[in-house]
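Next up, start-v5.cif (mmCIF, C-alpha atoms):
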```cif
data_entry
#
loop_
_atom_site.label_atom_id
_atom_site.label_comp_id
_atom_site.auth_asym_id
_atom_site.auth_seq_id
_atom_site.Cartn_x
_atom_site.Cartn_y
_atom_site.Cartn_z
CA MET A 130 -5.45 21.13 -1.84
CA ARG A 131 -5.65 21.44 1.93
CA ASP A 132 -6.31 17.69 2.16
CA LEU A 133 -2.99 16.97 0.43
CA GLY A 134 -1.13 18.75 3.21
CA ALA A 135 -3.30 17.11 5.87
CA GLY A 136 -2.54 13.66 4.45
CA PHE A 137 1.19 14.35 4.52
CA GLY A 138 0.72 15.61 8.08
CA TYR A 139 -0.63 12.22 9.15
CA LEU A 140 2.46 10.56 7.70
CA ILE A 141 4.70 12.87 9.75
CA LYS A 142 2.58 12.41 12.89
CA GLY A 143 2.83 8.65 12.53
CA GLN A 144 6.61 8.76 12.27
CA ARG A 145 6.78 11.02 15.33
CA TRP A 146 4.57 8.62 17.26
CA ALA A 147 6.85 5.71 16.38
CA VAL A 148 9.97 7.63 17.42
CA ARG A 149 8.40 8.62 20.75
CA HIS A 150 7.43 5.00 21.44
CA GLY A 151 10.77 3.30 20.81
CA ARG A 152 9.72 -0.15 22.00
CA TRP A 153 6.84 -0.24 19.52
CA PHE A 154 9.10 1.10 16.78
CA GLY A 155 11.48 -1.84 17.25
CA PHE A 156 8.54 -4.22 17.50
CA GLY A 157 7.20 -2.97 14.16
CA LEU A 158 10.54 -3.32 12.35
CA LEU A 159 10.65 -7.12 12.41
CA PRO A 160 8.08 -7.92 9.66
CA GLY A 161 9.63 -5.35 7.31
CA LEU A 162 13.12 -6.79 7.75
CA ILE A 163 11.92 -10.28 6.86
CA THR A 164 10.05 -9.04 3.78
CA LEU A 165 12.94 -6.81 2.67
CA VAL A 166 15.31 -9.78 2.46
CA LEU A 167 12.82 -11.65 0.26
CA TYR A 168 12.18 -8.69 -2.05
CA ALA A 169 15.83 -7.72 -2.35
CA GLY A 170 16.62 -11.19 -3.64
CA ALA A 171 13.73 -11.05 -6.11
CA LEU A 172 14.73 -7.64 -7.51
CA VAL A 173 18.38 -8.66 -7.85
CA GLY A 174 17.23 -11.71 -9.80
CA LEU A 175 15.01 -9.54 -12.01
CA GLY A 176 17.88 -7.10 -12.61
CA HIS A 177 20.11 -9.93 -13.84
CA GLY A 178 17.45 -11.66 -15.89
CA ALA A 179 15.42 -8.80 -17.39
CA ASP A 180 17.59 -8.52 -20.51
CA ASP A 181 17.41 -12.27 -21.15
CA LEU A 182 13.64 -12.14 -20.71
CA VAL A 183 13.36 -9.31 -23.24
CA ASP A 184 15.63 -11.14 -25.72
CA TRP A 185 13.43 -14.24 -25.42
CA ALA A 186 10.23 -12.20 -25.87
CA THR A 187 11.42 -10.31 -28.98
CA PRO A 188 12.83 -12.90 -31.42
CA PHE A 189 11.34 -10.90 -34.30
CA ALA A 190 13.97 -8.21 -33.70
CA ASP A 191 17.02 -10.49 -33.98
CA ASP A 192 17.78 -9.33 -37.51
CA TRP A 193 17.22 -5.62 -36.86
CA SER A 194 20.16 -3.33 -37.55
CA SER A 195 21.79 -1.00 -35.05
CA PRO A 196 20.68 1.18 -33.31
CA TRP A 197 17.06 -0.04 -33.52
CA LEU A 198 17.70 -3.44 -31.97
CA GLY A 199 19.48 -1.99 -28.95
CA LEU A 200 16.96 0.83 -28.61
CA LEU A 201 13.99 -1.53 -28.56
CA ARG A 202 15.46 -4.08 -26.17
CA ASN A 203 17.06 -1.57 -23.82
CA THR A 204 13.76 0.32 -23.57
CA LEU A 205 11.85 -2.88 -22.89
CA THR A 206 14.42 -3.98 -20.30
CA VAL A 207 14.04 -0.69 -18.43
CA LEU A 208 10.25 -0.96 -18.62
CA VAL A 209 10.27 -4.57 -17.35
CA PHE A 210 12.47 -3.67 -14.39
CA GLY A 211 10.39 -0.54 -13.77
CA LEU A 212 7.22 -2.63 -13.76
CA GLY A 213 8.84 -5.06 -11.35
CA LEU A 214 9.87 -2.21 -9.09
CA PHE A 215 6.37 -0.71 -9.29
CA LEU A 216 4.82 -4.04 -8.29
CA ALA A 217 7.40 -4.49 -5.54
CA VAL A 218 6.46 -1.12 -4.00
CA ILE A 219 2.77 -2.02 -4.09
CA THR A 220 3.07 -5.61 -2.89
CA PHE A 221 5.76 -4.89 -0.28
CA THR A 222 3.19 -3.31 2.01
CA ALA A 223 0.65 -6.09 1.44
CA VAL A 224 3.17 -8.86 2.10
CA THR A 225 4.70 -7.05 5.08
CA LEU A 226 1.26 -6.48 6.60
CA LEU A 227 0.39 -10.13 6.05
CA VAL A 228 3.64 -11.33 7.62
CA GLY A 229 3.32 -8.80 10.43
CA GLN A 230 -0.44 -8.98 11.03
CA PRO A 231 -0.15 -9.66 14.79
CA PHE A 232 2.60 -7.04 15.15
CA TYR A 233 0.75 -4.26 13.35
CA GLU A 234 -2.62 -5.07 14.94
CA SER A 235 -1.02 -4.58 18.35
CA LEU A 236 0.76 -1.40 17.22
CA SER A 237 -2.44 0.06 15.77
CA GLU A 238 -4.37 -0.74 18.95
CA GLN A 239 -1.66 1.01 20.97
CA VAL A 240 -2.02 4.12 18.81
CA ASP A 241 -5.76 4.11 19.51
CA ARG A 242 -5.08 3.79 23.24
CA THR A 243 -2.64 6.70 23.32
CA GLU A 244 -5.03 8.90 21.33
CA GLY A 245 -7.96 8.18 23.64
CA GLY A 246 -11.48 6.94 22.98
CA ASP A 247 -12.56 3.42 22.19
CA VAL A 248 -10.07 0.80 21.06
CA PRO A 249 -11.96 -1.32 18.51
CA GLU A 250 -11.18 -5.02 18.31
CA SER A 251 -12.20 -7.34 15.51
CA GLY A 252 -13.02 -10.22 17.86
CA LEU A 253 -11.83 -12.68 15.21
CA PRO A 254 -9.23 -15.39 15.72
CA LEU A 255 -5.80 -14.75 14.21
CA TRP A 256 -6.23 -17.27 11.40
CA ARG A 257 -9.46 -15.55 10.34
CA GLU A 258 -7.82 -12.12 10.32
CA LEU A 259 -4.94 -13.49 8.23
CA TRP A 260 -7.38 -15.03 5.77
CA ILE A 261 -9.34 -11.77 5.36
CA SER A 262 -6.13 -9.75 4.99
CA ALA A 263 -4.72 -12.16 2.40
CA ARG A 264 -7.98 -12.22 0.43
CA ASP A 265 -8.34 -8.43 0.44
CA SER A 266 -4.69 -7.99 -0.51
CA LEU A 267 -5.20 -10.30 -3.47
CA ARG A 268 -8.19 -8.25 -4.59
CA ILE A 269 -6.12 -5.08 -4.34
CA LEU A 270 -3.27 -6.68 -6.30
CA VAL A 271 -5.70 -7.59 -9.10
CA ARG A 272 -6.73 -3.94 -9.32
CA VAL A 273 -3.09 -2.84 -9.24
CA GLY A 274 -2.24 -5.38 -11.93
CA LEU A 275 -4.87 -3.92 -14.25
CA TYR A 276 -3.54 -0.40 -13.68
CA SER A 277 0.01 -1.67 -14.21
CA VAL A 278 -0.82 -3.19 -17.59
CA LEU A 279 -2.54 0.01 -18.68
CA LEU A 280 0.33 2.24 -17.53
CA PHE A 281 2.87 -0.12 -19.09
CA ALA A 282 1.11 0.21 -22.45
CA LEU A 283 0.86 3.99 -22.12
CA GLY A 284 4.58 4.08 -21.42
CA PHE A 285 5.19 3.58 -25.15
CA VAL A 286 3.32 6.78 -26.06
CA PRO A 287 5.83 9.54 -26.86
CA VAL A 288 6.06 12.38 -24.32
CA ILE A 289 3.08 11.14 -22.28
CA GLY A 290 4.89 7.91 -21.48
CA GLN A 291 7.84 9.80 -20.03
CA THR A 292 5.91 12.53 -18.16
CA VAL A 293 2.27 11.83 -17.32
CA VAL A 294 2.54 8.05 -16.88
CA PRO A 295 5.17 8.13 -14.08
CA VAL A 296 3.03 10.66 -12.18
CA LEU A 297 -0.06 8.48 -12.57
CA GLY A 298 1.99 5.48 -11.49
CA PHE A 299 2.99 7.16 -8.24
CA CYS A 300 -0.60 8.23 -7.62
CA VAL A 301 -1.82 4.65 -8.08
CA THR A 302 0.99 3.42 -5.83
CA GLY A 303 0.20 5.98 -3.14
CA TYR A 304 -3.53 5.36 -3.21
CA PHE A 305 -3.28 1.62 -2.76
CA LEU A 306 -0.47 1.93 -0.21
CA ALA A 307 -2.81 4.09 1.85
CA GLU A 308 -5.56 1.49 1.47
CA GLU A 309 -3.34 -1.36 2.63
CA LEU A 310 -2.07 0.58 5.64
CA THR A 311 -5.41 2.01 6.79
CA ALA A 312 -6.90 -1.48 6.43
CA VAL A 313 -5.16 -2.47 9.69
CA ALA A 314 -7.23 0.03 11.68
CA LEU A 315 -10.37 0.00 9.53
CA GLN A 316 -10.67 -3.78 9.51
CA ARG A 317 -10.67 -3.71 13.31
CA ARG A 318 -13.58 -1.28 13.00
CA GLY A 319 -15.57 -3.80 11.01
CA MET A 320 -15.12 -2.30 7.55
CA VAL A 321 -15.01 -4.58 4.54
CA LEU A 322 -12.86 -3.81 1.49
CA ARG A 323 -15.69 -2.27 -0.51
CA ASP A 324 -16.49 0.19 2.28
CA ARG A 325 -12.82 1.03 2.83
CA LEU A 326 -12.33 1.89 -0.83
CA ALA A 327 -15.48 4.02 -0.84
CA LEU A 328 -14.25 5.85 2.27
CA LEU A 329 -10.87 6.61 0.67
CA ARG A 330 -12.45 7.68 -2.63
CA GLY A 331 -14.44 10.23 -0.67
CA ARG A 332 -11.17 11.84 0.50
CA ARG A 333 -8.89 11.24 -2.48
CA LEU A 334 -6.55 14.17 -1.89
CA LEU A 335 -6.16 13.25 1.78
CA THR A 336 -5.40 9.67 0.78
CA LEU A 337 -2.89 10.72 -1.90
CA GLY A 338 -1.25 13.22 0.43
CA PHE A 339 -0.52 10.34 2.79
CA GLY A 340 0.28 7.60 0.29
CA VAL A 341 2.23 9.27 -2.53
CA PRO A 342 5.12 10.62 -0.39
CA LEU A 343 5.28 7.26 1.33
CA GLY A 344 5.42 5.47 -2.03
CA LEU A 345 8.26 7.74 -3.14
CA ALA A 346 10.13 7.12 0.11
CA PHE A 347 9.68 3.37 -0.29
CA LEU A 348 11.79 3.53 -3.47
CA VAL A 349 14.88 4.24 -1.35
CA PRO A 350 16.55 1.00 -0.21
CA PHE A 351 15.86 0.05 3.42
CA VAL A 352 13.71 3.15 3.99
CA ALA A 353 10.48 1.16 3.72
CA VAL A 354 11.48 -1.06 6.62
CA PHE A 355 12.18 1.85 8.96
CA LEU A 356 9.10 3.81 7.90
CA MET A 357 6.63 0.93 8.29
CA PRO A 358 5.99 1.26 12.04
CA GLY A 359 5.36 4.98 11.68
CA ALA A 360 3.34 4.40 8.50
CA VAL A 361 1.00 2.03 10.36
CA ALA A 362 0.73 4.56 13.21
CA GLY A 363 0.01 7.40 10.78
CA ALA A 364 -2.54 5.29 8.89
CA THR A 365 -4.31 4.57 12.18
CA LEU A 366 -4.48 8.30 12.91
CA LEU A 367 -5.77 8.87 9.38
CA ALA A 368 -8.38 6.12 9.80
CA ARG A 369 -9.59 7.71 13.04
CA ASP A 370 -10.16 10.97 11.16
CA LEU A 371 -11.93 9.26 8.27
CA VAL A 372 -14.44 7.36 10.45
CA ALA A 373 -14.95 10.14 13.01
CA PRO A 374 -18.03 11.65 11.26
CA ALA A 375 -19.70 8.24 11.06
CA GLU A 376 -18.90 7.54 14.70
CA GLY A 377 -20.23 10.97 15.68
CA GLU A 378 -23.49 10.35 13.87
CA ASP A 379 -23.77 6.97 15.53
CA GLU A 380 -23.54 8.49 18.99
CA ASN A 381 -26.42 10.89 18.22
CA GLU A 382 -28.82 8.23 17.01
CA ASP A 383 -30.64 5.91 19.36
CA ASP A 384 -30.65 2.28 18.26
CA ALA A 385 -28.90 3.27 15.03
CA PRO A 386 -27.34 0.41 13.10
CA ALA A 387 -23.57 0.26 12.94
CA PRO A 388 -22.27 2.10 9.84
CA TYR A 389 -20.10 -0.84 8.82
CA THR A 390 -20.39 -4.57 9.22
CA LEU A 391 -17.62 -6.99 9.99
CA ASP A 392 -16.72 -9.24 7.09
CA LYS A 393 -17.69 -12.79 8.05
CA ASP A 394 -17.27 -14.30 4.58
#
```
What does this structure look like when you write it as structure tokens?
Amino acid sequence: MRDLGAGFGYLIKGQRWAVRHGRWFGFGLLPGLITLVLYAGALVGLGHGADDLVDWATPFADDWSSPWLGLLRNTLTVLVFGLGLFLAVITFTAVTLLVGQPFYESLSEQVDRTEGGDVPESGLPLWRELWISARDSLRILVRVGLYSVLLFALGFVPVIGQTVVPVLGFCVTGYFLAEELTAVALQRRGMVLRDRLALLRGRRLLTLGFGVPLGLAFLVPFVAVFLMPGAVAGATLLARDLVAPAEGEDENEDDAPAPYTLDKD
């Protein structure tokens, strides 16, 4: 349970870092503002069209009597919008990081500089970094999509669908939010997606302690934009903690191979 508190602590430390470095805070706001406008339009469209979508998808219920027709379609409408909101929370970070790759790379490097020690650099051209980020984000979204379908189906189970499933949904959201955010710092350290996921699985409670509160905060309009610079800073601090044992072992071994290899595919 201590790791849960430590993960939340990294989120707070990241926000404090961003506030103390006002120029970098403003610098990190730009990608989030662009993405927010796009997502706000998409969610408004979904809100207006979800009921029509449900009506189209359930023609078999047209002849049902009240209240069963309204109960079915209203429940499905809420679930469709909830699924859209769930996907928006997950993909917002991925899209924002993709749009703001140069911004957040610079911000993450600055965090490393202020904390001391080496400042890893990927050494890859920008187009290559964007390609790797987009490819890894797509792989994460496939995983999230599978979880989303499963949780959507479980949402129909009485009691469990209204209690356990939302909790699991926020845990999934928080875990993959943490992955997307720590990827900025870990990718610069040469870690491929498989190694990043293994690293986070090894410290699940730490990862959830960082990601779940952030996922909850991202549900509040506009909050995600203002938390993103600090979230990237906090994720960099978290990444430094996660890789510290491997880096320490590396320093004590002569001619030891690097623990992670840069993705060249």
query: Restricting the calculation to all atoms listed in the file, which member of A:Phe339, A:Phe305, A:Phe156, A:Trp146 is positioned closest to Leu367 (chain A)?
result: A:Phe339
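With only C-alpha atoms as the atoms that count, the minimum distance from Phe232 (chain A) to the choices A:Leu270, A:Leu159, A:Gly340, A:Val301 is reached by A:Leu159.
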message: Just checking: using all atoms listed in the file, which residue out of A:Asp324, A:Gly245, A:Ala360, A:Leu236 ends up closest to Arg145 (chain A)?
response: A:Ala360
- request: List the residues selected by the PyMOL selection byres ((chain A and resi 202) around 12) in the file shown, writing them as an MDAnalysis selection string.
  value: chainID A and resid 179:191 193 195:201 203:209
Convert the current residue selection to file output with C-alpha atoms, as an mmCIF file, in the coordinates of the input.
```cif
data_model
loop_
_atom_site.group_PDB
_atom_site.id
_atom_site.type_symbol
_atom_site.label_atom_id
_atom_site.label_comp_id
_atom_site.auth_asym_id
_atom_site.auth_seq_id
_atom_site.Cartn_x
_atom_site.Cartn_y
_atom_site.Cartn_z
ATOM 1 C CA ALA A 179 15.420 -8.800 -17.390
ATOM 2 C CA ASP A 180 17.590 -8.520 -20.510
ATOM 3 C CA ASP A 181 17.410 -12.270 -21.150
ATOM 4 C CA LEU A 182 13.640 -12.140 -20.710
ATOM 5 C CA VAL A 183 13.360 -9.310 -23.240
ATOM 6 C CA ASP A 184 15.630 -11.140 -25.720
ATOM 7 C CA TRP A 185 13.430 -14.240 -25.420
ATOM 8 C CA ALA A 186 10.230 -12.200 -25.870
ATOM 9 C CA THR A 187 11.420 -10.310 -28.980
ATOM 10 C CA PRO A 188 12.830 -12.900 -31.420
ATOM 11 C CA PHE A 189 11.340 -10.900 -34.300
ATOM 12 C CA ALA A 190 13.970 -8.210 -33.700
ATOM 13 C CA ASP A 191 17.020 -10.490 -33.980
ATOM 14 C CA TRP A 193 17.220 -5.620 -36.860
ATOM 15 C CA SER A 195 21.790 -1.000 -35.050
ATOM 16 C CA PRO A 196 20.680 1.180 -33.310
ATOM 17 C CA TRP A 197 17.060 -0.040 -33.520
ATOM 18 C CA LEU A 198 17.700 -3.440 -31.970
ATOM 19 C CA GLY A 199 19.480 -1.990 -28.950
ATOM 20 C CA LEU A 200 16.960 0.830 -28.610
ATOM 21 C CA LEU A 201 13.990 -1.530 -28.560
ATOM 22 C CA ASN A 203 17.060 -1.570 -23.820
ATOM 23 C CA THR A 204 13.760 0.320 -23.570
ATOM 24 C CA LEU A 205 11.850 -2.880 -22.890
ATOM 25 C CA THR A 206 14.420 -3.980 -20.300
ATOM 26 C CA VAL A 207 14.040 -0.690 -18.430
ATOM 27 C CA LEU A 208 10.250 -0.960 -18.620
ATOM 28 C CA VAL A 209 10.270 -4.570 -17.350
#
```
query: What gap, in Å, lies between CA of Tyr276 (chain A) and CA of Ala312 (chain A)?
result: 20.4 Å
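Considering only C-alpha atoms, the residue among A:Leu322, A:Ile163, A:Val313, A:Ala171 positioned nearest to Glu250 (chain A) is A:Val313.
What separates CA of Val286 (chain A) from CA of Val271 (chain A) is a distance of 24.0 Å.
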field: Which of A:Arg264, A:Leu212, A:Ala327, A:Leu345 sits closest to Ala282 (chain A) [using all atoms listed in the file]
entry: A:Leu212
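The residue set within 12 Å of Arg131 (chain A), counting all atoms listed in the file and dropping same-chain residues fewer than 3 places from it, reads Gly134, Ala135, Gly136, Phe137, Gly138, Arg332, Arg333, Leu334, Leu335, Thr336, Leu337 and Gly338 of chain A.
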query: Within 12 Å of Phe281 (chain A), counting only C-alpha atoms, which residues qualify if same-chain residues fewer than 6 places away don't, as a list in words?
result: Thr204, Leu205, Val207, Leu208, Val209, Phe210, Gly211, Leu212, Gly213, Phe215, Leu216, Val273, Gly274, Leu275, Ile289, Gly290, Gln291, Val294, Pro295, Leu297 and Gly298 of chain A
Pick from A:Phe154, A:Trp260, A:Phe351, A:Tyr139 nearest to Gln239 (chain A), counting all atoms listed in the file: A:Phe154
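Take CA of Thr311 (chain A) and CA of Gly363 (chain A): the distance between them is 8.6 Å.
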- request: Go through the shown structure with the PyMOL selection byres ((chain A and resi 244) around 12) and write out the matching residues as a count of residues only.
  value: 21
task: For the structure shown, which residues end up in the PyMOL selection byres ((chain A and resi 318) around 7)? Put them as a list in words, please?
output: Pro249, Glu250, Ser251, Ala314, Leu315, Gln316, Arg317, Gly319 and Met320 of chain A
Quick one: 6 Å padding each side, axis-aligned, all listed atoms of region 295-299 of chain A - centre and edge lengths in Å to one decimal, as AutoDock Vina command-line options?
```
--center_x 2.6 --center_y 8.1 --center_z -11.2 --size_x 17.2 --size_y 17.2 --size_z 17.8
```
- request: Mind checking which residues fall within 9 Å of Glu309 (chain A), counting all atoms listed in the file, ignoring those fewer than 3 positions away in the same chain, and posting them as a PyMOL selection string?
  value: chain A and resi 222-223+226+265-266+269+304-306+312-313
Would you write out those residues with C-alpha atoms, as a PDB file, in the coordinates of the input?
```pdb
ATOM      1  CA  THR A 222       3.190  -3.310   2.010  1.00  0.00           C
ATOM      2  CA  ALA A 223       0.650  -6.090   1.440  1.00  0.00           C
ATOM      3  CA  LEU A 226       1.260  -6.480   6.600  1.00  0.00           C
ATOM      4  CA  ASP A 265      -8.340  -8.430   0.440  1.00  0.00           C
ATOM      5  CA  SER A 266      -4.690  -7.990  -0.510  1.00  0.00           C
ATOM      6  CA  ILE A 269      -6.120  -5.080  -4.340  1.00  0.00           C
ATOM      7  CA  TYR A 304      -3.530   5.360  -3.210  1.00  0.00           C
ATOM      8  CA  PHE A 305      -3.280   1.620  -2.760  1.00  0.00           C
ATOM      9  CA  LEU A 306      -0.470   1.930  -0.210  1.00  0.00           C
ATOM     10  CA  ALA A 312      -6.900  -1.480   6.430  1.00  0.00           C
ATOM     11  CA  VAL A 313      -5.160  -2.470   9.690  1.00  0.00           C
TER      12      VAL A 313
END
```
